[in-house]
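Structure file coords39.txt (compact mmCIF, C-alpha atoms) is printed below.
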```txt
# COMPACT_ATOMS: atom_id res chain seq x y z
CA MET A 1 -24.14 -32.23 15.50
CA LYS A 2 -26.50 -30.22 13.31
CA GLN A 3 -25.86 -27.13 15.42
CA LYS A 4 -22.08 -27.54 14.99
CA VAL A 5 -22.47 -27.85 11.22
CA LEU A 6 -24.72 -24.78 11.16
CA ARG A 7 -22.21 -22.76 13.19
CA LEU A 8 -19.36 -23.83 10.88
CA THR A 9 -21.41 -22.84 7.82
CA LEU A 10 -22.14 -19.43 9.31
CA VAL A 11 -18.45 -18.89 10.11
CA LEU A 12 -17.45 -19.79 6.56
CA ILE A 13 -20.04 -17.41 5.12
CA MET A 14 -18.76 -14.62 7.37
CA VAL A 15 -15.19 -15.34 6.21
CA PHE A 16 -16.35 -15.21 2.59
CA LEU A 17 -18.12 -11.87 3.14
CA TYR A 18 -14.97 -10.57 4.83
CA TRP A 19 -12.95 -11.43 1.72
CA MET A 20 -15.48 -10.07 -0.79
CA PRO A 21 -14.02 -6.51 -0.99
CA ALA A 22 -10.67 -7.99 -2.02
CA ILE A 23 -12.21 -10.63 -4.25
CA SER A 24 -14.45 -8.25 -6.17
CA GLN A 25 -11.69 -5.79 -7.07
CA SER A 26 -8.62 -7.85 -7.90
CA THR A 27 -6.98 -11.23 -7.98
CA GLY A 28 -4.92 -10.32 -4.92
CA PHE A 29 -5.22 -9.95 -1.19
CA VAL A 30 -3.54 -8.27 1.77
CA GLN A 31 -0.89 -10.68 3.03
CA GLN A 32 0.28 -8.60 5.98
CA ILE A 33 0.93 -5.14 7.40
CA ILE A 34 4.61 -4.30 7.91
CA THR A 35 5.55 -1.87 10.66
CA GLY A 36 8.85 -0.21 11.56
CA ASN A 37 9.36 0.82 15.19
CA SER A 38 12.14 3.35 15.79
CA GLY A 39 12.38 2.69 19.52
CA LYS A 40 13.03 5.27 22.20
CA PHE A 41 15.29 8.19 21.35
CA GLU A 42 18.71 7.91 22.99
CA TYR A 43 20.95 10.96 23.07
CA VAL A 44 24.38 9.38 23.47
CA PRO A 45 25.87 5.92 23.00
CA PRO A 46 25.95 3.17 24.03
CA PHE A 47 22.53 2.73 22.43
CA THR A 48 20.32 -0.04 23.79
CA ASP A 49 17.13 0.35 21.74
CA PHE A 50 17.03 -0.18 17.98
CA VAL A 51 14.64 -0.36 15.03
CA THR A 52 12.35 -3.40 15.22
CA LEU A 53 10.30 -4.74 12.31
CA GLN A 54 6.88 -6.21 12.90
CA SER A 55 4.28 -7.99 10.77
CA TYR A 56 0.55 -8.17 11.39
CA ASN A 57 -1.68 -10.74 9.68
CA PRO A 58 -5.19 -9.27 9.25
CA GLN A 59 -6.66 -12.73 8.67
CA ASN A 60 -5.72 -14.26 12.04
CA GLN A 61 -4.76 -10.99 13.81
CA VAL A 62 -1.33 -12.36 14.80
CA THR A 63 1.66 -10.02 15.19
CA ASN A 64 5.27 -11.07 14.88
CA ASN A 65 8.57 -9.22 15.41
CA PHE A 66 10.69 -10.60 12.58
CA SER A 67 13.90 -8.55 12.52
CA LEU A 68 16.09 -5.87 14.08
CA ILE A 69 18.06 -3.06 12.43
CA TYR A 70 20.86 -1.62 14.55
CA THR A 71 20.11 2.06 14.08
CA GLN A 72 18.03 4.74 15.79
CA SER A 73 15.09 5.54 13.49
CA VAL A 74 13.03 4.25 10.56
CA GLN A 75 11.77 6.52 7.78
CA SER A 76 9.79 4.45 5.28
CA ILE A 77 8.92 1.02 3.90
CA CYS A 78 8.53 0.18 0.20
CA ILE A 79 7.08 -3.22 -0.75
CA ASP A 80 7.48 -4.72 -4.20
CA HIS A 81 6.31 -8.28 -3.70
CA PRO A 82 8.01 -10.41 -2.60
CA MET A 83 10.66 -7.90 -1.52
CA ALA A 84 10.46 -5.10 1.05
CA TYR A 85 12.90 -2.21 1.33
CA ILE A 86 13.35 -0.52 4.73
CA ALA A 87 14.88 2.97 4.99
CA ALA A 88 16.30 3.26 8.50
CA GLN A 89 18.42 6.37 9.17
CA ASP A 90 21.85 5.21 7.97
CA SER A 91 20.88 1.79 6.60
CA LEU A 92 18.85 0.55 3.64
CA VAL A 93 17.80 -3.06 4.17
CA LYS A 94 16.11 -5.50 1.78
CA PHE A 95 13.90 -8.36 3.05
CA ASN A 96 12.19 -11.31 1.39
CA MET A 97 8.57 -11.18 2.57
CA ASN A 98 7.96 -14.84 1.76
CA THR A 99 10.66 -16.00 4.15
CA MET A 100 10.78 -12.85 6.33
CA GLN A 101 14.56 -13.01 6.04
CA ARG A 102 17.08 -10.24 5.38
CA VAL A 103 18.54 -10.41 1.86
CA THR A 104 21.06 -7.57 1.81
CA ALA A 105 21.82 -4.16 3.32
CA VAL A 106 23.90 -1.09 2.51
CA ALA A 107 25.01 1.91 4.51
CA ASP A 108 23.41 5.19 3.43
CA SER A 109 22.37 8.51 4.95
CA GLY A 110 19.58 11.07 4.87
CA LEU A 111 16.99 8.46 3.85
CA SER A 112 13.42 9.62 3.31
CA LYS A 113 10.86 7.95 0.94
CA MET A 114 11.06 5.23 -1.73
CA ALA A 115 9.28 3.91 -4.84
CA ILE A 116 9.94 1.36 -7.58
CA CYS A 117 10.28 2.66 -11.16
CA LYS A 118 11.32 0.58 -14.18
CA GLY A 119 12.78 -2.07 -11.90
CA LYS A 120 14.89 0.44 -9.96
CA LEU A 121 14.53 1.73 -6.40
CA VAL A 122 14.11 5.52 -6.29
CA VAL A 123 15.18 6.88 -2.88
CA THR A 124 14.61 10.48 -1.79
CA LYS A 125 16.96 12.17 0.64
CA GLN A 126 16.96 14.83 3.35
CA TYR A 127 19.20 16.33 6.06
CA PRO A 128 22.13 15.90 6.67
CA LEU A 129 22.64 15.78 2.88
CA SER A 130 23.27 19.04 1.04
CA THR A 131 23.24 17.69 -2.53
CA PHE A 132 22.00 14.71 -4.58
CA PHE A 133 18.59 14.57 -2.92
CA VAL A 134 17.43 11.64 -5.09
CA GLU A 135 19.30 8.40 -5.66
CA VAL A 136 18.46 5.47 -7.93
CA LEU A 137 19.50 2.01 -6.75
CA ASP A 138 19.64 -1.45 -8.26
CA THR A 139 16.87 -3.47 -6.59
CA ALA A 140 18.96 -6.66 -6.57
CA THR A 141 22.18 -5.36 -5.04
CA LEU A 142 21.14 -1.92 -3.71
CA GLY A 143 24.11 -0.51 -5.61
CA ILE A 144 24.03 3.04 -6.99
CA VAL A 145 22.64 3.38 -10.52
CA ALA A 146 22.36 7.18 -10.63
CA ARG A 147 22.32 10.34 -8.49
CA ILE A 148 19.98 13.11 -9.63
CA GLU A 149 21.67 16.49 -9.87
CA GLY A 150 20.04 19.91 -9.59
CA ILE A 151 17.33 19.34 -6.96
CA SER A 152 17.32 22.31 -4.60
CA GLY A 153 16.66 20.79 -1.18
CA ASP A 154 15.31 18.06 1.08
CA CYS A 155 12.82 15.69 -0.57
CA GLY A 156 9.83 13.71 0.61
CA GLY A 157 7.32 11.55 -1.24
CA VAL A 158 7.79 10.08 -4.70
CA THR A 159 5.30 8.79 -7.26
CA ILE A 160 5.44 7.56 -10.85
CA ALA A 161 3.10 8.46 -13.70
CA GLY A 162 3.76 6.77 -17.01
CA ASP A 163 7.39 7.39 -17.93
CA THR A 164 7.98 10.19 -15.43
CA VAL A 165 9.01 10.30 -11.77
CA TYR A 166 7.68 13.06 -9.49
CA VAL A 167 9.32 13.97 -6.18
CA ALA A 168 8.13 16.30 -3.43
CA VAL A 169 10.79 18.94 -2.69
CA ASN A 170 10.08 20.57 0.69
CA GLY A 171 13.48 22.04 1.43
CA GLY A 172 13.46 20.76 5.01
CA TRP A 173 12.49 22.84 8.05
CA MET A 174 13.90 25.97 6.39
CA GLY A 175 11.85 25.54 3.21
CA THR A 176 9.74 28.53 2.16
CA GLN A 177 7.66 26.88 -0.58
CA GLY A 178 6.78 23.48 -1.97
CA LYS A 179 8.17 22.20 -5.29
CA ILE A 180 7.85 19.12 -7.47
CA ALA A 181 10.93 17.67 -9.15
CA VAL A 182 10.19 16.08 -12.55
CA ILE A 183 12.64 13.29 -13.39
CA ASN A 184 13.22 11.39 -16.64
CA PRO A 185 13.89 7.70 -15.81
CA VAL A 186 15.33 7.00 -19.26
CA ASN A 187 18.59 8.75 -18.37
CA TRP A 188 17.75 9.64 -14.74
CA SER A 189 18.02 13.38 -15.28
CA LEU A 190 16.11 16.29 -13.75
CA MET A 191 13.71 17.69 -16.35
CA ALA A 192 12.28 20.48 -14.21
CA GLU A 193 11.70 21.65 -10.68
CA VAL A 194 8.23 23.19 -10.57
CA PRO A 195 7.60 25.79 -7.83
CA LEU A 196 4.17 25.46 -6.17
CA GLY A 197 4.25 28.59 -4.04
CA SER A 198 4.28 29.25 -0.31
CA GLN A 199 0.87 27.63 0.21
CA ALA A 200 2.45 24.26 -0.65
CA ILE A 201 5.10 24.58 2.06
CA GLY A 202 5.58 21.27 3.85
CA ILE A 203 4.89 19.18 0.74
CA ASN A 204 5.41 15.60 1.83
CA ASP A 205 3.33 12.70 0.44
CA LEU A 206 2.54 12.29 -3.29
CA TYR A 207 -0.19 10.24 -4.97
CA LEU A 208 -1.78 9.86 -8.41
CA TYR A 209 -5.43 10.51 -9.20
CA GLN A 210 -6.90 10.64 -12.70
CA GLY A 211 -3.56 11.53 -14.25
CA LYS A 212 -2.78 14.28 -11.75
CA VAL A 213 -0.22 14.36 -8.95
CA ILE A 214 -1.81 14.93 -5.53
CA ALA A 215 0.40 16.40 -2.79
CA VAL A 216 -0.33 16.38 0.94
CA ASN A 217 1.37 19.44 2.44
CA LYS A 218 2.02 19.08 6.17
CA SER A 219 1.37 22.17 8.27
CA PRO A 220 4.74 23.71 9.22
CA TYR A 221 5.82 23.63 12.84
CA GLY A 222 3.98 26.32 14.80
CA ILE A 223 1.16 26.70 12.22
CA ILE A 224 -2.09 25.40 13.73
CA GLY A 225 -5.41 25.11 11.92
CA GLN A 226 -4.11 25.56 8.38
CA GLY A 227 -2.59 23.25 5.82
CA SER A 228 -3.11 22.42 2.16
CA VAL A 229 -3.47 19.89 -0.62
CA THR A 230 -1.98 20.53 -4.08
CA ILE A 231 -3.36 19.14 -7.36
CA TYR A 232 -0.67 19.26 -10.05
CA ASN A 233 -1.37 18.65 -13.75
CA PRO A 234 1.72 17.12 -15.42
CA ILE A 235 0.49 17.94 -18.92
CA ASN A 236 0.55 21.74 -18.60
CA ARG A 237 2.36 22.03 -15.24
CA ASN A 238 -0.54 23.97 -13.80
CA TYR A 239 -1.51 23.45 -10.17
CA ILE A 240 -4.14 24.32 -7.57
CA ASN A 241 -3.34 24.76 -3.89
CA VAL A 242 -6.42 24.05 -1.78
CA VAL A 243 -5.98 25.61 1.65
CA LEU A 244 -7.70 23.63 4.40
CA PRO A 245 -8.85 25.03 7.77
CA HIS A 246 -7.14 22.12 9.50
CA THR A 247 -3.73 21.18 10.77
CA VAL A 248 -2.59 18.80 8.02
CA GLY A 249 -0.46 15.76 8.81
CA LEU A 250 0.58 12.57 7.07
CA GLY A 251 -0.98 11.24 3.90
CA ALA A 252 -2.55 7.76 4.04
CA GLY A 253 -3.61 7.14 0.43
CA ILE A 254 -6.41 7.48 -2.12
CA ARG A 255 -9.41 5.25 -2.72
CA ASP A 256 -12.08 6.18 -5.26
CA SER A 257 -12.24 10.00 -5.12
CA LEU A 258 -11.23 10.35 -1.47
CA LEU A 259 -7.79 11.28 -0.21
CA TYR A 260 -7.21 10.09 3.36
CA LEU A 261 -4.83 12.27 5.38
CA GLY A 262 -4.02 13.67 8.78
CA LEU A 263 -6.44 16.40 9.89
CA ASP A 264 -6.18 18.12 13.28
CA TYR A 265 -3.97 15.29 14.62
CA GLY A 266 -6.50 12.64 13.61
CA ILE A 267 -7.34 11.11 10.21
CA GLY A 268 -9.94 12.54 7.83
CA SER A 269 -10.78 12.61 4.14
CA PHE A 270 -10.65 15.14 1.30
CA ASN A 271 -12.83 14.79 -1.80
CA LEU A 272 -10.68 15.22 -4.90
CA ASN A 273 -13.70 15.89 -7.11
CA THR A 274 -15.37 18.59 -5.00
CA LEU A 275 -12.11 19.82 -3.39
CA GLN A 276 -13.87 19.82 -0.04
CA THR A 277 -13.12 18.15 3.28
CA GLY A 278 -15.24 15.02 3.71
CA ASN A 279 -15.27 13.32 7.10
CA SER A 280 -12.75 15.25 9.21
CA THR A 281 -12.68 12.78 12.11
CA ILE A 282 -12.59 9.24 10.72
CA ILE A 283 -10.00 8.66 13.45
CA PRO A 284 -10.11 11.39 16.11
CA ASP A 285 -7.10 13.03 17.74
CA PRO A 286 -5.68 10.27 20.02
CA GLY A 287 -4.49 12.81 22.60
CA SER A 288 -2.04 15.31 21.14
CA SER A 289 -2.47 17.55 24.18
CA PHE A 290 -0.91 14.70 26.17
CA PHE A 291 1.83 14.14 23.55
CA ARG A 292 0.13 11.08 22.00
CA TYR A 293 0.12 11.26 18.21
CA ILE A 294 -0.52 9.30 15.03
CA THR A 295 3.07 8.44 14.12
CA SER A 296 2.42 6.69 10.79
CA VAL A 297 -0.58 5.68 8.71
CA ALA A 298 -1.41 3.51 5.69
CA LEU A 299 -4.56 2.86 3.65
CA ASP A 300 -5.58 -0.67 2.63
CA THR A 301 -7.40 0.10 -0.62
CA ILE A 302 -8.67 -3.47 -1.10
CA ASN A 303 -10.38 -3.95 2.25
CA LYS A 304 -11.15 -0.25 2.88
CA ARG A 305 -9.17 -0.06 6.10
CA ILE A 306 -6.93 2.54 7.68
CA TYR A 307 -3.95 1.44 9.79
CA ALA A 308 -2.97 4.32 12.10
CA ASN A 309 -0.08 3.80 14.51
CA ILE A 310 -0.45 5.76 17.74
CA GLY A 311 2.19 6.47 20.37
CA ASP A 312 4.03 8.98 22.56
CA TYR A 313 7.63 8.23 21.39
CA VAL A 314 8.51 6.98 24.88
CA THR A 315 6.37 3.92 25.59
CA PRO A 316 5.06 1.11 23.34
CA GLY A 317 2.08 2.15 21.24
CA TYR A 318 -0.67 0.47 19.27
CA CYS A 319 -2.20 0.38 15.80
CA GLN A 320 -5.81 1.51 15.40
CA VAL A 321 -7.51 -0.35 12.54
CA THR A 322 -10.52 1.57 11.26
CA GLY A 323 -12.83 1.32 8.28
CA VAL A 324 -12.81 4.24 5.85
CA ASN A 325 -16.30 5.11 7.12
CA GLY A 326 -14.98 5.53 10.67
CA ASP A 327 -16.00 2.15 12.11
CA SER A 328 -13.44 0.93 14.64
CA ILE A 329 -12.38 -2.62 13.72
CA THR A 330 -9.58 -3.62 16.09
CA THR A 331 -6.29 -2.59 17.67
CA TYR A 332 -3.01 -4.44 18.09
CA PRO A 333 0.20 -3.62 20.02
CA THR A 334 3.22 -2.15 18.26
CA GLY A 335 6.50 -0.72 19.57
CA ILE A 336 7.95 2.65 20.50
CA SER A 337 7.94 5.39 17.83
CA THR A 338 6.18 3.43 15.08
CA GLU A 339 7.18 5.78 12.27
CA ALA A 340 6.73 3.59 9.18
CA VAL A 341 3.96 1.27 8.00
CA ALA A 342 3.09 -0.36 4.66
CA VAL A 343 0.44 -2.74 3.32
CA HIS A 344 1.85 -5.88 1.72
CA TYR A 345 -0.40 -6.77 -1.21
CA HIS A 346 0.05 -10.24 -2.68
CA GLN A 347 -1.16 -10.85 -6.21
CA PHE A 348 -2.32 -14.35 -7.09
CA PRO A 349 0.18 -15.74 -9.61
CA LEU A 350 -1.11 -16.32 -13.14
CA THR A 351 0.23 -18.97 -15.46
CA ALA A 352 2.29 -17.98 -18.51
CA GLU A 353 -0.78 -18.60 -20.65
CA GLU A 354 -2.94 -16.39 -18.43
CA LYS A 355 -0.36 -13.59 -18.61
CA GLY A 356 -0.57 -13.47 -22.42
CA PRO A 357 -1.15 -10.05 -24.06
CA ALA A 358 -4.61 -11.04 -25.29
CA ASN A 359 -5.85 -11.90 -21.80
CA ARG A 360 -6.82 -8.64 -20.15
CA ASN A 361 -9.74 -10.00 -18.08
CA ARG A 362 -12.17 -8.08 -20.30
CA GLU A 363 -15.18 -9.95 -18.85
CA ASN A 364 -17.15 -9.81 -22.13
CA LEU A 365 -18.36 -13.31 -21.29
CA GLN A 366 -20.89 -13.55 -18.45
CA VAL A 367 -20.08 -16.41 -16.08
CA ILE A 368 -22.17 -17.61 -13.15
CA VAL A 369 -20.71 -19.93 -10.49
CA TYR A 370 -23.17 -21.85 -8.27
CA PRO A 371 -24.03 -23.01 -5.69
CA ASN A 372 -21.90 -20.61 -3.69
CA PRO A 373 -21.05 -21.73 -1.00
CA VAL A 374 -20.55 -25.20 -2.49
CA SER A 375 -20.45 -28.60 -0.79
CA ASP A 376 -19.51 -30.93 -3.63
CA LEU A 377 -20.36 -30.09 -7.26
CA LEU A 378 -19.69 -26.53 -8.50
CA THR A 379 -21.45 -25.53 -11.73
CA VAL A 380 -19.89 -22.94 -14.06
CA SER A 381 -22.49 -21.54 -16.47
CA PHE A 382 -21.81 -19.31 -19.51
CA ASP A 383 -24.28 -16.96 -21.18
CA ARG A 384 -23.37 -18.43 -24.58
CA GLU A 385 -21.40 -21.32 -26.06
CA LYS A 386 -17.70 -20.70 -25.60
CA VAL A 387 -14.37 -22.44 -26.18
CA VAL A 388 -12.93 -23.37 -22.78
CA ARG A 389 -9.16 -23.66 -22.95
CA SER A 390 -8.42 -24.26 -19.27
CA LEU A 391 -9.88 -24.09 -15.78
CA ARG A 392 -7.93 -24.06 -12.56
CA ILE A 393 -8.69 -23.65 -8.86
CA GLY A 394 -6.34 -21.67 -6.59
CA ASP A 395 -6.43 -21.00 -2.85
CA ILE A 396 -5.96 -17.61 -1.19
CA THR A 397 -2.17 -18.05 -1.05
CA GLY A 398 -2.03 -18.38 -4.84
CA ARG A 399 -1.28 -22.12 -4.79
CA THR A 400 -2.92 -24.07 -7.65
CA ILE A 401 -5.09 -26.87 -6.22
CA PHE A 402 -5.95 -28.51 -9.52
CA ARG A 403 -6.32 -27.74 -13.21
CA ILE A 404 -8.61 -29.03 -15.97
CA ASP A 405 -7.77 -28.75 -19.68
CA PRO A 406 -10.96 -29.51 -21.66
CA GLY A 407 -9.08 -29.49 -24.95
CA ASN A 408 -10.56 -26.33 -26.51
CA SER A 409 -14.06 -27.80 -26.38
CA ARG A 410 -17.12 -25.61 -26.83
CA LYS A 411 -19.35 -25.50 -23.76
CA THR A 412 -22.23 -23.62 -22.18
CA SER A 413 -21.55 -25.06 -18.72
CA MET A 414 -19.08 -27.16 -16.74
CA THR A 415 -19.23 -29.07 -13.46
CA VAL A 416 -16.27 -29.23 -11.07
CA ASP A 417 -16.05 -31.71 -8.20
CA CYS A 418 -15.04 -29.70 -5.11
CA SER A 419 -15.87 -32.38 -2.53
CA GLY A 420 -12.17 -32.96 -1.82
CA LEU A 421 -11.43 -29.31 -0.98
CA ALA A 422 -11.03 -28.18 2.60
CA GLY A 423 -13.44 -25.49 3.79
CA GLY A 424 -12.41 -21.96 2.85
CA VAL A 425 -12.20 -19.33 0.11
CA TYR A 426 -10.97 -20.29 -3.38
CA TYR A 427 -10.56 -18.67 -6.80
CA LEU A 428 -11.66 -20.13 -10.12
CA PHE A 429 -9.45 -19.04 -13.07
CA LEU A 430 -11.30 -19.69 -16.33
CA HIS A 431 -9.53 -19.27 -19.68
CA CYS A 432 -12.21 -18.92 -22.38
CA GLY A 433 -10.97 -18.07 -25.87
CA GLU A 434 -9.05 -14.83 -25.38
CA GLU A 435 -10.63 -13.96 -22.03
CA LEU A 436 -9.45 -14.67 -18.50
CA ILE A 437 -12.33 -14.78 -16.00
CA VAL A 438 -11.67 -14.93 -12.26
CA ARG A 439 -14.45 -15.90 -9.85
CA PRO A 440 -14.34 -16.45 -6.08
CA PHE A 441 -16.26 -19.19 -4.32
CA LEU A 442 -16.59 -20.63 -0.84
CA LYS A 443 -16.23 -24.33 0.01
CA LYS A 444 -18.35 -25.28 3.02
```

Final structure tokens representation of the file:
Amino acid sequence: MKQKVLRLTLVLIMVFLYWMPAISQSTGFVQQIITGNSGKFEYVPPFTDFVTLQSYNPQNQVTNNFSLIYTQSVQSICIDHPMAYIAAQDSLVKFNMNTMQRVTAVADSGLSKMAICKGKLVVTKQYPLSTFFVEVLDTATLGIVARIEGISGDCGGVTIAGDTVYVAVNGGWMGTQGKIAVINPVNWSLMAEVPLGSQAIGINDLYLYQGKVIAVNKSPYGIIGQGSVTIYNPINRNYINVVLPHTVGLGAGIRDSLLYLGLDYGIGSFNLNTLQTGNSTIIPDPGSSFFRYITSVALDTINKRIYANIGDYVTPGYCQVTGVNGDSITTYPTGISTEAVAVHYHQFPLTAEEKGPANRNRENLQVIVYPNPVSDLLTVSFDREKVVRSLRIGDITGRTIFRIDPGNSRKTSMTVDCSGLAGGVYYLFLHCGEELIVRPFLKK
């Protein structure tokens, strides 16, 4: 019996340590990874293989195919919890990620990338369109709000900085230089199209870092061993093209000062402070000489993981899950031509009181929670006497387990009875004066 209890305690501690990267950085967690599988390419109808949508739960490592879209390819996935928007060739489909059910869909064409800005869905476009390469849609109905005029060619990634939208303009396979379209979301008009020169050809994925727009420029077809990254300053519209001695592929994302991107058919990193390649083989080439490629990739910034989908466009592939330091974590099966992937982050819901403008989690008050892990009584200790307005316990799904309202009493410590909680990870939300303090703890 004692051995069983010891093993259970060790398992719970390991689970707690697993969650610590997410717990220490935010009041949210990764709910699931959403994947879009294009299926095998079919030249003529009748088509028999279609886009399948798959979820992967990183907590229990379970995969689930949850829907089908009757078209031939998938371009991108945009998640704005609890909704997900899937761009699939000639269809734009909205799903509720809580129920995994389709909400609505509209016919469209030339779909590329997406982002949410001011409650609207910004969609970039590509071939076969010849005009209006950016559309703005209502997130509720997917109806057209605006079409952006004046953009010169096919578009890729989109990012938002403050009150401005930035779009990668690559011009398609005939493009001769990269450009960034600068869009005003107040009236959805094109403010400028900034040329970045021929070294930025293939501009595709856009990110933000320290107020600058970072562009990953894919190496054009036939160009091997050379690609680039562009750093664009929105304030003065100056830019730097950093040419890399690598074949550059898809962008994965940015964490700290490192940009994770495709390098020589694998995944590597680029240091945005030193402007030098970091680790060039975090995930090595899966076998491009045998037509096996990384077809899509996403970075989990909370848990420091890279999700790289690998396949040959003919047979079912798999997702390689790797730490940002290169440690292989696991793999799981996907479908054919897995060309879109996104991380579904779920923020723990705050109460209306906790969302107040004064409560910015400033952490001026030092709070210690012990023992951790806890069996029965959890002590909350403050570094000085403080007015405690409320205390609540939430689980990792965001559900409130219980709440205590001490009545604005001044305290230097509190004791919470946790004996009735099931074993697992919990969050303590402590409202002290004008501060919101969030602390994780483990119930044995």

Under the rule of at most 12 Å, produce a per-residue listing of region 174-226 of chain A near region 99-114 of chain A: chain, number, name, the closest pair of atoms, and the distance in Å, as a Markdown table, using all atoms listed in the file.
```
| residue | atom | partner | partner_atom | distance |
| --- | --- | --- | --- | --- |
| A:Asn204 | CA | A:Lys113 | CA | 9.4 |
| A:Asp205 | CA | A:Lys113 | CA | 8.9 |
| A:Leu206 | CA | A:Lys113 | CA | 10.3 |
```

task: Skip Ile151 (chain A) itself and residues of its chain fewer than 5 positions away, then list as a list of chain:residue names all residues within 8 Å of it, counting only C-alpha atoms.
output: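 Selected residues are A:Thr131, A:Phe132, A:Phe133, A:Val134, A:Val169, A:Ala181, A:Leu190, A:Glu193.
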
Name the residues in contact with region 31-43 of chain A at a cut-off of 6 Å, using all atoms listed in the file, excluding same-chain residues fewer than 2 positions from it; report them as a PDB file with C-alpha atoms, in the coordinates of the input.
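File written: part.pdb
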```pdb
ATOM      1  CA  ASP A  49      17.130   0.350  21.740  1.00  0.00           C
ATOM      2  CA  PHE A  50      17.030  -0.180  17.980  1.00  0.00           C
ATOM      3  CA  VAL A  51      14.640  -0.360  15.030  1.00  0.00           C
ATOM      4  CA  THR A  52      12.350  -3.400  15.220  1.00  0.00           C
ATOM      5  CA  LEU A  53      10.300  -4.740  12.310  1.00  0.00           C
ATOM      6  CA  GLN A  54       6.880  -6.210  12.900  1.00  0.00           C
ATOM      7  CA  SER A  55       4.280  -7.990  10.770  1.00  0.00           C
ATOM      8  CA  TYR A  56       0.550  -8.170  11.390  1.00  0.00           C
ATOM      9  CA  ASN A  57      -1.680 -10.740   9.680  1.00  0.00           C
ATOM     10  CA  SER A  73      15.090   5.540  13.490  1.00  0.00           C
ATOM     11  CA  VAL A  74      13.030   4.250  10.560  1.00  0.00           C
ATOM     12  CA  VAL A 314       8.510   6.980  24.880  1.00  0.00           C
ATOM     13  CA  GLY A 335       6.500  -0.720  19.570  1.00  0.00           C
ATOM     14  CA  ILE A 336       7.950   2.650  20.500  1.00  0.00           C
ATOM     15  CA  SER A 337       7.940   5.390  17.830  1.00  0.00           C
ATOM     16  CA  THR A 338       6.180   3.430  15.080  1.00  0.00           C
ATOM     17  CA  ALA A 340       6.730   3.590   9.180  1.00  0.00           C
ATOM     18  CA  VAL A 341       3.960   1.270   8.000  1.00  0.00           C
ATOM     19  CA  ALA A 342       3.090  -0.360   4.660  1.00  0.00           C
ATOM     20  CA  VAL A 343       0.440  -2.740   3.320  1.00  0.00           C
ATOM     21  CA  HIS A 344       1.850  -5.880   1.720  1.00  0.00           C
ATOM     22  CA  TYR A 345      -0.400  -6.770  -1.210  1.00  0.00           C
ATOM     23  CA  HIS A 346       0.050 -10.240  -2.680  1.00  0.00           C
TER      24      HIS A 346
END
```

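Atom pair CA of Pro371 (chain A) / CA of Tyr426 (chain A): separated by 13.5 Å.
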
message: I need every residue sitting at most 7 Å from the point (-1.9, 1.1, 9.7) (coordinates as in the file, all atoms listed in the file considered), written as number ranges by chain.
response: A: 297-299, 306-309, 319-321, 341

task: State, in Å with one decimal place, the distance from CA of Asn372 (chain A) to CA of Leu442 (chain A).
output: 6.0 Å

- request: Could you please determine the separation between CA of Phe291 (chain A) and CA of Gln276 (chain A) in Å, to one decimal place?
  value: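 Interatomic distance here is 28.9 Å.
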
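Nearest to Tyr260 (chain A) of all the residues A:Phe66, A:Tyr207, A:Tyr370, A:Phe29 is A:Tyr207, based on only C-alpha atoms.
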